[in-house]
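Some notes on the structure that comes next.
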Amino acid sequence: MRFETSPAPHVIAGYSVPRVMFPVLIALVPVAIAHVVLLGPGLLLQLAVACVTALLAEAFALRWRGQDPAPALRDGSVLVTACLLALSVTPLLPWWLTALGTALAVLLGKHVFGGLGQNPFNPAMVGYAILLVSFPLEMTRWPVLLDAPEAQSWMELARMTLGAIFGAVGDPRWDAFTGATALDAIRTGLDLRYTLPEILGRGDVMGPLGARGFAWLNLAALAGGLYLLARGIVRWHIPVAVLGGLLLPAFIAHALDPGGHLSASTQAFAGATMLAAFFIATDPVSAATSNLGRLWYGAGIGLLAWIIRTWGGYPDGFAFAVLLMNVAVPFIDRYTVPRIHGRAR
Amino acid sequence: MAAWAHFPAGLALESHKRADAIVPVIELPAPSRVVLPLDPGTGESAEPVVAVGDVVQRGALVGRATSAFSANVHASIAGRIIAIERIEAAVPTGACLCVTIAADAAPASTQDPWPAATDHASMNAQQLCDALHEAGIAGLGGAGFPTATKLVAGRQRSVHTLLLNGAECEPWITCDDALMQTAADDVVFGAALLRRACGATACVIAIEDDKPAAIAAMTLAVDRAVDAALSLAVVSAVYPRGAERQLIEAVTGIEPPSGGLPVDAGIVCQNVATAAAVARWGTRGEPLLSRIVTVTGSGVARPCNVRAPLGTPLTDLVAATGGYRDAPLRLIAGGSMTGIALPSDDVGLGKATNCVFVATRADIAPRVDAFERACIRCGNCSDVCPAGLLPQQLHRAALADEHALLRELGIFDCIDCGLCDYVCPSQIPLAHRFRLARGRFREATVAARKSDEARERHEQRQRRLRDEAAARQRAFEEVRARALPAARGSDGIDDKSGEAP
């Protein structure tokens, strides 16, 4: 009797890229719900625009490169990119900017380098950074969070959001329901030589846990992140190092100068901290590859984010911190090769 | 008894060792034909010492070892040699020189060609090694490395410990489990002979904790032996615990040096089945003629362990255990993780063939359906790598054939366990890529050495030609220097133009 042959091993666990990517999408559900509750339905539209654009861009790029787009469209990786970008931008972003950012993320962030697994930069952050430096006004116009005293009703916000996304530029009532994010307000206040207690004492910035509203978003992202840790989809090294790299200097600076520096707990639950620590920095393709390397990589992101938040030109710094550390990955990988069994310690 | 937890990585794989299919060990009657591979599994064949048409007794030498990597081969049944040819075999290279014996002729003598008893007690270590070499004993654990070669190396390096490997970590294989349950005293006796032959002062028998019956049987046998130098170590069942280097570290805490051998760490490692074969030689004088092999997989009617003469065609093995069922898809010599997929069941049982795994689609579906995607650097592979490598980095270097980087990242430290493949979400055949990369690396090394030698030869020749030319020139100038003054003196010609500056 004749048999087909194949190389060993003959049994594999049957893990697959979709089985890595789809749990990430599931883990984003809590933060998405909190987002919709606190910031209105804008996110849902942003998600729809980003996902459709991402799938189209992926299919276009693969077709252009002479490959079959079907398996790539099913692997879920481009949807993760789209969802992370949609969650990073303001829910009021005009739809064509979301589409542009997503297309650039997929094409410039991923496919110019050779597609899945080849990109040195986190594609979502490439798209986000391009939008942020090119359209700073649109990118920093956030709705007033619905847990703020001056906020209007959710339905009102929904109506205004539709207008903002689909091009009703210059509606006079915008000022009533848009504002800076907490980190933005603090940054502006500090630039005007107010001290932190003065800024925070105004009451419209902080909530019980950290920056008002955003604390809930961060808690929801943390919940999703813990789910990914429990599922073994991400390892603890990068999230822990990101938080350590951000919170340790924040703690020291706040202890030395409470008037000029936010406390560690505020930093932890403000801005994109948890989303970045668990979902963005953990993108395996653009992260360092050994466990020791992951610690250095994460710590670098946290530290850079703190530096940018404290002295940089942008209120939140994770997009640039991630991109900068992406540049450092080959260097980190080079110097963090683990000891091979049987080689000198 | 000591339980050790230390182990660099690895993974607890789903076990397919069915408790009801381990013992009893079925004794297979002598088949009508055997196909004896002359390669024990190391890639180096013994030299045939019989000719087609010869009639041989059971136990007669048919192939003689020609190197430290080959082993003597004996006729496992009596009969006539009907073929000596290079054919498909259950060896890593896929084919080797094989001797086929048909049981259609009876030899003149029915007496065994070996002495009724060996006087192993009076033999010194070297004599023991020589005798085991004569008996054709090779590693029965799966690699087939000649036992005597390891023992001699061990004695030369003054090893302290003989480690007997009864870990058996491959998820489908149970032949060592069966052996330890049924022939524990043989293992202990063989261990004593092996320890004496390599000069080790201690012997540790290591068994994974998923084999309680084997541990119980071996504990009793070790107690009966009353040998202070002999001990049992129970190790946790984590693949690839049974790999030589990994087991040594788990049991002794010593890491054999990268690029070195266990003897460099003072250890000789042998399989428990090899020890039992040594015991058969010690008690009966019998060379290596048979082995226990696991016949398993969803493609066989009755999974079981069988003691069969070496060279038994795998068809006969499967038939004796009830035959095929359920559309067999792959025939694998060895286990699911490191076994060799055979193109045909008409190959003979080799010394290193510890398992015949007849896999159906149900057993191996994810591998058959595997769809390779690009590496996403998730790091699953480096998490499980027992050698502490970064397979994701090695893979890039392997695709680019960057030899300096491959060596630095440890391509030759890879033990080929296949775990990186097992956990890869992009379903990249990493272990196979690394095998190919090692092959290309070695070829390139050989080619580079040849070209270096050729350049050296060429440069030597150029040097020699230059030296000869210079010598001729010097000789010419000497002659001329002697001749010129005489000529000048005779006809007064002032010749300066031809002088060298």
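Ordering of the structure tokens sets the chain letters (A, B, ...), residue numbers begin anew at 1 in every chain, and ligands are numbered from 1 in the order given.
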Interface, chain B side, toward chain A (7 Å; only C-alpha atoms) as a PyMOL selection string: chain B and resi 255-258+329-331+336-345+364+366-367+374-379+387-389+418+421-427+432
Point-to-point distance from atom CA of Ser122 of chain B to atom CA of Thr274 of chain B, Å rounded to tenths: 21.5 Å
Nearby residues (only C-alpha atoms) at most 12 Å from segment 87-91 of chain B, same-chain spacing under 6 positions excluded, as a PyMOL selection string: (chain A and resi 2) or (chain B and resi 35-45+97-100+142-144+310-314+331-334+339-356)
DSSP strand (DSSP E) selection over segment 116-251 of chain B, as a VMD selection string: chain B and resid 161 to 166 202 to 208 230 to 235
One-decimal distance in Å that lies between atom CA of Gly259 of chain B and atom CA of Arg345 of chain A: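 According to the coordinates, atom CA of Arg345 of chain A and atom CA of Gly259 of chain B are separated by 14.9 Å.
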Distance of atom CA of Ala68 of chain B from atom CA of Leu128 of chain B, expressed in Å to one decimal place: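 Atom-to-atom, atom CA of Leu128 of chain B to atom CA of Ala68 of chain B, that is 16.0 Å.
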Non-local contacts of Glu58 of chain A (8 Å; only C-alpha atoms; under 3 positions in same chain excluded) as a ChimeraX atom specification: /A:54-55,61-62,69,72-73,78,106-107
Write out, as an mmCIF file, in the first residue's frame, the residues just selected, with C-alpha atoms.
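Written output follows (part-v3.cif):
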data_model
loop_
_atom_site.group_PDB
_atom_site.id
_atom_site.type_symbol
_atom_site.label_atom_id
_atom_site.label_comp_id
_atom_site.auth_asym_id
_atom_site.auth_seq_id
_atom_site.Cartn_x
_atom_site.Cartn_y
_atom_site.Cartn_z
ATOM 1 C CA ALA A 54 -9.893 48.779 5.467
ATOM 2 C CA LEU A 55 -11.367 45.739 3.720
ATOM 3 C CA ALA A 61 -3.594 46.185 -2.333
ATOM 4 C CA LEU A 62 -3.519 42.393 -2.530
ATOM 5 C CA PRO A 69 -7.282 38.720 -1.248
ATOM 6 C CA ALA A 72 -6.302 37.971 4.091
ATOM 7 C CA LEU A 73 -9.787 39.466 4.300
ATOM 8 C CA VAL A 78 -7.130 44.429 8.914
ATOM 9 C CA VAL A 106 -3.567 49.785 5.409
ATOM 10 C CA LEU A 107 -1.667 50.938 2.335
#
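Residues with any atom within 9 Å of Lys150 of chain B, counting only C-alpha atoms and excluding same-chain neighbours fewer than 3 positions away, are Phe145, Pro146, Thr147, Ala153, Gly154, Arg155, Cys198, Val263, Val268, Cys269 and Gln270 of chain B.
Once Thr140 of chain A and its same-chain neighbours fewer than 4 positions away are set aside, A:Val89, A:Thr90, A:Leu93, A:Leu132, A:Phe135, A:Pro136, A:Gly179, A:Ala180, A:Thr181, A:Asp184 remain within 9 Å of it when counting only C-alpha atoms.
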Go ahead and save the residues from that selection, with all heavy atoms, as a PDB file, in the first residue's frame.
ATOM      1  N   VAL A  89      -9.654  57.846  17.172  1.00  0.00           N
ATOM      2  CA  VAL A  89      -9.997  59.188  16.695  1.00  0.00           C
ATOM      3  C   VAL A  89     -11.244  59.688  17.416  1.00  0.00           C
ATOM      4  O   VAL A  89     -11.979  58.925  18.036  1.00  0.00           O
ATOM      5  CB  VAL A  89     -10.229  59.200  15.166  1.00  0.00           C
ATOM      6  CG1 VAL A  89      -8.960  58.776  14.450  1.00  0.00           C
ATOM      7  CG2 VAL A  89     -11.408  58.317  14.777  1.00  0.00           C
ATOM      8  N   THR A  90     -11.478  60.975  17.307  1.00  0.00           N
ATOM      9  CA  THR A  90     -12.687  61.529  17.922  1.00  0.00           C
ATOM     10  C   THR A  90     -13.921  61.029  17.168  1.00  0.00           C
ATOM     11  O   THR A  90     -13.891  60.877  15.947  1.00  0.00           O
ATOM     12  CB  THR A  90     -12.653  63.068  17.907  1.00  0.00           C
ATOM     13  OG1 THR A  90     -13.988  63.555  18.025  1.00  0.00           O
ATOM     14  CG2 THR A  90     -12.067  63.597  16.619  1.00  0.00           C
ATOM     15  N   LEU A  93     -15.090  62.951  13.970  1.00  0.00           N
ATOM     16  CA  LEU A  93     -14.236  63.121  12.796  1.00  0.00           C
ATOM     17  C   LEU A  93     -15.051  62.950  11.515  1.00  0.00           C
ATOM     18  O   LEU A  93     -15.805  61.993  11.382  1.00  0.00           O
ATOM     19  CB  LEU A  93     -13.111  62.070  12.827  1.00  0.00           C
ATOM     20  CG  LEU A  93     -11.944  62.312  11.874  1.00  0.00           C
ATOM     21  CD1 LEU A  93     -11.182  63.565  12.261  1.00  0.00           C
ATOM     22  CD2 LEU A  93     -11.013  61.115  11.861  1.00  0.00           C
ATOM     23  N   LEU A 132      -3.393  63.164  12.599  1.00  0.00           N
ATOM     24  CA  LEU A 132      -3.188  64.132  13.682  1.00  0.00           C
ATOM     25  C   LEU A 132      -2.304  65.295  13.221  1.00  0.00           C
ATOM     26  O   LEU A 132      -2.589  66.460  13.529  1.00  0.00           O
ATOM     27  CB  LEU A 132      -2.565  63.439  14.895  1.00  0.00           C
ATOM     28  CG  LEU A 132      -2.426  64.308  16.153  1.00  0.00           C
ATOM     29  CD1 LEU A 132      -3.798  64.816  16.600  1.00  0.00           C
ATOM     30  CD2 LEU A 132      -1.771  63.530  17.279  1.00  0.00           C
ATOM     31  N   PHE A 135      -4.482  67.101  10.156  1.00  0.00           N
ATOM     32  CA  PHE A 135      -5.778  67.714  10.456  1.00  0.00           C
ATOM     33  C   PHE A 135      -5.925  67.893  11.967  1.00  0.00           C
ATOM     34  O   PHE A 135      -6.808  67.303  12.594  1.00  0.00           O
ATOM     35  CB  PHE A 135      -6.921  66.842   9.912  1.00  0.00           C
ATOM     36  CG  PHE A 135      -6.823  66.589   8.435  1.00  0.00           C
ATOM     37  CD1 PHE A 135      -6.164  65.457   7.953  1.00  0.00           C
ATOM     38  CD2 PHE A 135      -7.356  67.488   7.521  1.00  0.00           C
ATOM     39  CE1 PHE A 135      -6.064  65.228   6.595  1.00  0.00           C
ATOM     40  CE2 PHE A 135      -7.246  67.254   6.157  1.00  0.00           C
ATOM     41  CZ  PHE A 135      -6.593  66.130   5.686  1.00  0.00           C
ATOM     42  N   PRO A 136      -5.053  68.715  12.565  1.00  0.00           N
ATOM     43  CA  PRO A 136      -5.056  68.799  14.031  1.00  0.00           C
ATOM     44  C   PRO A 136      -6.391  69.312  14.589  1.00  0.00           C
ATOM     45  O   PRO A 136      -6.832  68.863  15.640  1.00  0.00           O
ATOM     46  CB  PRO A 136      -3.920  69.781  14.332  1.00  0.00           C
ATOM     47  CG  PRO A 136      -3.633  70.474  13.055  1.00  0.00           C
ATOM     48  CD  PRO A 136      -4.027  69.553  11.960  1.00  0.00           C
ATOM     49  N   GLY A 179     -15.428  70.103  23.050  1.00  0.00           N
ATOM     50  CA  GLY A 179     -14.463  70.694  23.961  1.00  0.00           C
ATOM     51  C   GLY A 179     -13.169  69.925  23.868  1.00  0.00           C
ATOM     52  O   GLY A 179     -13.055  68.982  23.084  1.00  0.00           O
ATOM     53  N   ALA A 180     -12.234  70.331  24.668  1.00  0.00           N
ATOM     54  CA  ALA A 180     -10.969  69.612  24.694  1.00  0.00           C
ATOM     55  C   ALA A 180     -11.117  68.398  25.585  1.00  0.00           C
ATOM     56  O   ALA A 180     -11.981  68.354  26.460  1.00  0.00           O
ATOM     57  CB  ALA A 180      -9.866  70.515  25.214  1.00  0.00           C
ATOM     58  N   THR A 181     -10.274  67.423  25.367  1.00  0.00           N
ATOM     59  CA  THR A 181     -10.250  66.291  26.289  1.00  0.00           C
ATOM     60  C   THR A 181      -9.603  66.753  27.587  1.00  0.00           C
ATOM     61  O   THR A 181      -8.997  67.821  27.661  1.00  0.00           O
ATOM     62  CB  THR A 181      -9.443  65.125  25.710  1.00  0.00           C
ATOM     63  OG1 THR A 181      -8.101  65.572  25.535  1.00  0.00           O
ATOM     64  CG2 THR A 181     -10.013  64.665  24.389  1.00  0.00           C
ATOM     65  N   ASP A 184      -6.064  67.503  27.278  1.00  0.00           N
ATOM     66  CA  ASP A 184      -5.901  68.722  26.496  1.00  0.00           C
ATOM     67  C   ASP A 184      -6.127  69.943  27.386  1.00  0.00           C
ATOM     68  O   ASP A 184      -5.352  70.915  27.353  1.00  0.00           O
ATOM     69  CB  ASP A 184      -6.913  68.715  25.339  1.00  0.00           C
ATOM     70  CG  ASP A 184      -6.347  69.377  24.101  1.00  0.00           C
ATOM     71  OD1 ASP A 184      -5.232  69.949  24.194  1.00  0.00           O
ATOM     72  OD2 ASP A 184      -7.015  69.328  23.056  1.00  0.00           O
TER      73      ASP A 184
END
Secondary structure check, helix (DSSP H, G or I) residues of segment 124-326 of chain A, as a ChimeraX atom specification: /A:124-134,136-139,154-165,174-177,182-191,196-201,214-231,237-256,264-268,273-280,291-311,318-326
Test item: residues at most 10 Å from Leu11 of chain B, only C-alpha atoms, excluding those fewer than 4 positions along its chain, as an MDAnalysis selection string: chainID B and resid 237:241 383:386 419 422:423
